[in-house]
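So this one's structure_38.txt, compact mmCIF, C-alpha atoms:
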# COMPACT_ATOMS: atom_id res chain seq x y z
CA MET U 1 113.23 117.42 101.87
CA ARG U 2 112.56 114.90 104.60
CA ASN U 3 113.60 111.28 104.06
CA ILE U 4 110.61 109.07 103.21
CA VAL U 5 111.56 105.39 103.58
CA LEU U 6 108.09 104.04 102.83
CA ALA U 7 104.94 105.51 101.29
CA ARG U 8 101.96 103.28 102.07
CA ILE U 9 98.22 103.39 101.51
CA ASP U 10 96.51 101.56 104.36
CA ASP U 11 93.22 102.70 105.87
CA ARG U 12 94.10 101.09 109.21
CA LEU U 13 97.07 103.49 109.49
CA ILE U 14 99.11 102.52 112.58
CA HIS U 15 98.44 98.88 113.43
CA GLY U 16 100.35 95.68 114.20
CA GLN U 17 101.91 95.18 110.76
CA ILE U 18 103.19 98.75 110.67
CA VAL U 19 104.57 98.55 114.22
CA THR U 20 106.09 95.05 114.10
CA SER U 21 107.10 94.70 110.45
CA TRP U 22 107.32 97.93 108.46
CA CYS U 23 108.96 100.10 111.13
CA LYS U 24 111.61 97.44 111.69
CA SER U 25 112.26 96.62 108.02
CA THR U 26 112.67 100.30 107.11
CA SER U 27 114.41 101.37 110.36
CA ALA U 28 111.80 104.12 110.54
CA ASN U 29 111.91 106.56 113.41
CA GLY U 30 108.91 108.60 112.32
CA ILE U 31 105.41 108.00 110.99
CA LEU U 32 103.61 110.78 109.14
CA ILE U 33 99.88 110.37 108.55
CA ALA U 34 98.48 112.64 105.83
CA ASP U 35 94.71 112.85 106.28
CA ASP U 36 92.48 115.93 106.31
CA GLY U 37 89.77 114.47 108.56
CA LEU U 38 92.13 112.91 111.04
CA SER U 39 94.08 116.14 111.40
CA LYS U 40 91.01 117.56 113.17
CA ASP U 41 90.27 114.48 115.34
CA SER U 42 92.37 114.79 118.50
CA PHE U 43 90.85 111.68 120.13
CA THR U 44 91.82 109.34 117.28
CA GLN U 45 95.21 111.05 117.05
CA ARG U 46 95.90 110.13 120.68
CA ILE U 47 94.96 106.50 120.01
CA LEU U 48 97.22 106.29 116.93
CA LYS U 49 100.14 107.91 118.73
CA ALA U 50 99.74 105.44 121.60
CA ALA U 51 99.82 102.53 119.12
CA ALA U 52 103.24 103.52 117.76
CA PRO U 53 106.48 102.18 119.22
CA PRO U 54 107.84 104.50 121.93
CA ASP U 55 110.94 105.38 119.89
CA VAL U 56 108.92 106.41 116.79
CA THR U 57 107.67 109.98 116.40
CA VAL U 58 104.12 110.29 115.03
CA ALA U 59 103.00 113.38 113.13
CA ILE U 60 99.45 113.77 111.84
CA HIS U 61 98.64 116.54 109.36
CA GLY U 62 96.12 117.39 106.69
CA VAL U 63 97.42 116.60 103.21
CA SER U 64 98.55 120.16 102.41
CA ALA U 65 100.28 120.55 105.77
CA ALA U 66 101.88 117.11 105.34
CA ALA U 67 103.27 118.22 101.97
CA ALA U 68 104.73 121.35 103.59
CA PHE U 69 106.18 119.25 106.43
CA LEU U 70 107.80 116.80 103.98
CA ALA U 71 109.22 119.65 101.89
CA GLU U 72 111.09 121.01 104.92
CA GLU U 73 114.75 120.23 105.40
CA GLY U 74 114.85 117.34 107.82
CA ASP U 75 117.53 115.92 110.04
CA SER U 76 119.69 113.44 108.11
CA ARG U 77 118.84 110.76 110.70
CA GLU U 78 115.07 111.01 110.08
CA ARG U 79 113.41 108.01 108.42
CA TRP U 80 109.70 108.63 107.80
CA ILE U 81 106.93 106.20 106.92
CA LEU U 82 104.24 108.13 105.06
CA LEU U 83 100.72 106.74 105.54
CA THR U 84 97.45 107.68 103.85
CA LYS U 85 94.06 105.99 103.96
CA ALA U 86 93.42 106.20 100.20
CA PRO U 87 95.28 106.83 96.93
CA GLU U 88 93.85 110.33 96.44
CA ALA U 89 95.97 111.70 99.29
CA MET U 90 99.13 110.29 97.69
CA GLU U 91 98.13 111.91 94.41
CA ARG U 92 97.63 115.25 96.17
CA LEU U 93 101.08 114.95 97.76
CA LEU U 94 102.62 114.30 94.34
CA ASP U 95 100.70 117.28 92.93
CA ALA U 96 102.19 119.39 95.75
CA GLY U 97 105.69 118.45 94.61
CA ILE U 98 106.52 115.61 97.01
CA PRO U 99 108.65 113.13 95.04
CA LEU U 100 107.43 109.58 95.46
CA SER U 101 108.76 106.83 93.22
CA LYS U 102 107.13 103.86 94.94
CA ILE U 103 103.88 103.37 96.84
CA ILE U 104 103.00 100.21 98.73
CA LEU U 105 99.31 99.37 98.83
CA GLY U 106 98.23 97.68 102.06
CA GLY U 107 94.71 97.24 103.37
CA MET U 108 91.69 99.22 102.20
CA GLY U 109 88.58 97.76 103.79
CA MET U 110 85.18 97.16 102.29
CA LYS U 111 82.73 100.04 102.60
CA ALA U 112 79.92 101.56 100.56
CA GLY U 113 80.94 102.13 96.95
CA ARG U 114 83.93 99.80 97.07
CA THR U 115 84.34 96.38 95.48
CA LEU U 116 87.06 93.80 96.06
CA PHE U 117 90.25 94.79 94.25
CA ASN U 118 92.80 92.31 95.60
CA LYS U 119 92.98 90.26 98.81
CA ASN U 120 92.68 92.88 101.59
CA VAL U 121 91.98 95.77 99.23
CA SER U 122 88.60 97.10 98.19
CA ALA U 123 88.40 100.17 96.00
CA SER U 124 85.77 102.42 94.51
CA PRO U 125 85.84 103.26 90.78
CA GLU U 126 87.30 106.67 91.72
CA GLU U 127 90.06 105.07 93.82
CA THR U 128 90.87 102.62 91.02
CA ALA U 129 91.04 105.51 88.54
CA CYS U 130 93.37 107.35 90.91
CA MET U 131 95.66 104.32 91.19
CA LYS U 132 95.78 104.15 87.38
CA ARG U 133 96.77 107.83 87.25
CA LEU U 134 99.54 107.20 89.79
CA VAL U 135 100.91 104.29 87.76
CA GLU U 136 100.66 106.36 84.55
CA ARG U 137 102.79 109.03 86.28
CA GLY U 138 105.54 106.45 86.63
CA ILE U 139 104.90 105.47 90.24
CA ASP U 140 105.88 101.89 91.06
CA MET U 141 102.76 100.68 92.92
CA GLN U 142 102.94 97.33 94.67
CA TYR U 143 100.47 95.46 96.86
CA GLN U 144 102.37 94.10 99.85
CA LEU U 145 100.81 93.37 103.22
CA VAL U 146 104.08 92.77 105.09
CA PRO U 147 107.75 93.09 104.07
CA ARG U 148 108.38 89.32 103.99
CA GLU U 149 105.55 88.83 101.46
CA LEU U 150 106.36 89.06 97.76
CA PRO U 151 104.98 92.29 96.29
CA VAL U 152 102.36 92.20 93.52
CA ASN U 153 102.61 94.87 90.85
CA ILE U 154 99.35 96.85 90.86
CA LYS U 155 99.67 97.48 87.12
CA LYS U 156 98.75 93.84 86.51
CA LEU U 157 95.61 94.24 88.63
CA LEU U 158 94.54 97.59 87.20
CA TRP U 159 94.63 96.54 83.57
CA GLU U 160 93.47 92.92 83.83
CA ASP U 161 91.19 91.92 80.99

Please lay out the structure from this file as structure tokens.
Amino acid sequence: MRNIVLARIDDRLIHGQIVTSWCKSTSANGILIADDGLSKDSFTQRILKAAAPPDVTVAIHGVSAAAAFLAEEGDSRERWILLTKAPEAMERLLDAGIPLSKIILGGMGMKAGRTLFNKNVSASPEETACMKRLVERGIDMQYQLVPRELPVNIKKLLWED
């Protein structure tokens, strides 16, 4: 099994906070993006790979292929950040047997069908239901934009009355 140092949901994928904060705080040397649509978009892949630090490997796979990649025996020096755009991909990775104990929720932008969930996070009813399922599976889900910011437990946001 490859070494995952951070599992993060962030629809911006590789951007300034990932490059300047998360890669450094986790000592990551690899970023794996698990996204079915993006795995077929070579133009956007080139842009994302160019945005990564030069010493960080970027791999972009569909969710099933990402699960197979993560299940492989990796080099002991590998330190992967796992990125998905939405919680459903994380759930699919868990269903495929990838052990995740903690997921950091970053930005999920506003789009059709989504309402404001918390600060920089908008979620559809289906995405909120998925996050609840992840928490019910025992996943520690935290909202945290950058490492220096105090994390907010998603459980408190999901079951607010």

Among U:Leu100, U:Ala86, U:Ile154, U:Met131, Asp36 (chain U) is approached most closely, using all atoms listed in the file, by U:Ala86

Near-Asp140 (chain U) list (7 Å; all atoms listed in the file; drop same-chain fewer than 2 positions) as an NGL selection string:
:U and (101-103 or 135 or 138 or 142)

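Straight-line separation from CA of His15 (chain U) to CA of Leu70 (chain U): 22.3 Å.
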
Between CA of Arg133 (chain U) and CA of Ala59 (chain U), measure the distance and give it in Å to one decimal.
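Taking CA of Arg133 (chain U) and CA of Ala59 (chain U), their separation equals 27.2 Å.
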
Can you tell me, as a ChimeraX atom specification, what residues are no more than 9 Å from Gln17 (chain U) when counting only C-alpha atoms, ignoring any on the same chain fewer than 4 positions away?
/U:21-23,145-146

Quick one: write out the picked residues with C-alpha atoms as an mmCIF file, keeping the file's coordinate frame?
data_model
loop_
_atom_site.group_PDB
_atom_site.id
_atom_site.type_symbol
_atom_site.label_atom_id
_atom_site.label_comp_id
_atom_site.auth_asym_id
_atom_site.auth_seq_id
_atom_site.Cartn_x
_atom_site.Cartn_y
_atom_site.Cartn_z
ATOM 1 C CA SER U 21 107.100 94.700 110.450
ATOM 2 C CA TRP U 22 107.320 97.930 108.460
ATOM 3 C CA CYS U 23 108.960 100.100 111.130
ATOM 4 C CA LEU U 145 100.810 93.370 103.220
ATOM 5 C CA VAL U 146 104.080 92.770 105.090
#

Between U:Pro147, U:Gly113, U:Met1, U:Pro87, single out the one closest to Lys132 (chain U), counting all atoms listed in the file.
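Answer, going by the shortest atom-to-atom distance: U:Pro87.
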
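CA of Ile33 (chain U) sits 6.3 Å away from CA of His61 (chain U).
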
Go through U:Arg12, U:Lys24, U:Arg77, U:Arg92 and flag the residue nearest Leu48 (chain U), using all atoms listed in the file for the distances.
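Checking each candidate against Leu48 (chain U), we get U:Arg12 as the closest.
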
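Distance annotation: of U:Leu13, U:Leu94, U:Val19, U:Leu105, the residue with the minimal separation from Asn118 (chain U) is U:Leu105; atom set is all atoms listed in the file.
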
For Ser124 (chain U), list every protein, DNA or RNA residue within 12 Å, evaluated using only C-alpha atoms, and leave out those in the same chain fewer than 3 positions away; present the list as a list in words.
Ala86, Pro87, Glu88, Met108, Gly109, Met110, Lys111, Ala112, Gly113, Arg114, Thr115, Leu116, Phe117, Val121, Glu127, Thr128, Ala129, Cys130 and Met131 of chain U

Selection near region 27-32 of chain U, 9 Å with only C-alpha atoms, sequence-local residues under 5 positions removed, as a tab-separated table (two decimals) with C-alpha atoms, in the frame of the given file:
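Printed below is result15.tsv as written:
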chain	number	residue	atom	x	y	z
U	4	ILE	CA	110.61	109.07	103.21
U	5	VAL	CA	111.56	105.39	103.58
U	6	LEU	CA	108.09	104.04	102.83
U	14	ILE	CA	99.11	102.52	112.58
U	22	TRP	CA	107.32	97.93	108.46
U	52	ALA	CA	103.24	103.52	117.76
U	55	ASP	CA	110.94	105.38	119.89
U	56	VAL	CA	108.92	106.41	116.79
U	57	THR	CA	107.67	109.98	116.40
U	58	VAL	CA	104.12	110.29	115.03
U	59	ALA	CA	103.00	113.38	113.13
U	60	ILE	CA	99.45	113.77	111.84
U	61	HIS	CA	98.64	116.54	109.36
U	66	ALA	CA	101.88	117.11	105.34
U	70	LEU	CA	107.80	116.80	103.98
U	77	ARG	CA	118.84	110.76	110.70
U	78	GLU	CA	115.07	111.01	110.08
U	79	ARG	CA	113.41	108.01	108.42
U	80	TRP	CA	109.70	108.63	107.80
U	81	ILE	CA	106.93	106.20	106.92
U	82	LEU	CA	104.24	108.13	105.06
U	83	LEU	CA	100.72	106.74	105.54
U	84	THR	CA	97.45	107.68	103.85

Env of Leu93 (chain U): 8 Å cut, atoms = only C-alpha atoms, seq-sep filter 4 positions within chain, self excluded. Answer as a VMD selection string.
chain U and resid 63 to 64 66 to 67 89 97 to 98

Print the selection's residues with C-alpha atoms to a file, as a tab-separated table (two decimals), in the frame of the given file.
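File again_12.tsv, as written:
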chain	number	residue	atom	x	y	z
U	63	VAL	CA	97.42	116.60	103.21
U	64	SER	CA	98.55	120.16	102.41
U	66	ALA	CA	101.88	117.11	105.34
U	67	ALA	CA	103.27	118.22	101.97
U	89	ALA	CA	95.97	111.70	99.29
U	97	GLY	CA	105.69	118.45	94.61
U	98	ILE	CA	106.52	115.61	97.01

Between U:Pro54, U:Leu134, U:Lys40, U:Gly106, single out the one closest to Glu149 (chain U), counting only C-alpha atoms.
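For Glu149 (chain U), the nearest of the candidates is U:Gly106.
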
Enclose all atoms of region 126-135 of chain U listed in the file in an axis-aligned box, grow every side by 4 Å, and hand back centre and edge lengths in Å to one decimal, as AutoDock Vina command-line options.
--center_x 94.1 --center_y 105.2 --center_z 90.5 --size_x 21.6 --size_y 13.2 --size_z 14.6

Among U:Thr44, U:Ser76, U:Asn120, U:Thr20, Gln144 (chain U) is approached most closely, using all atoms listed in the file, by U:Asn120
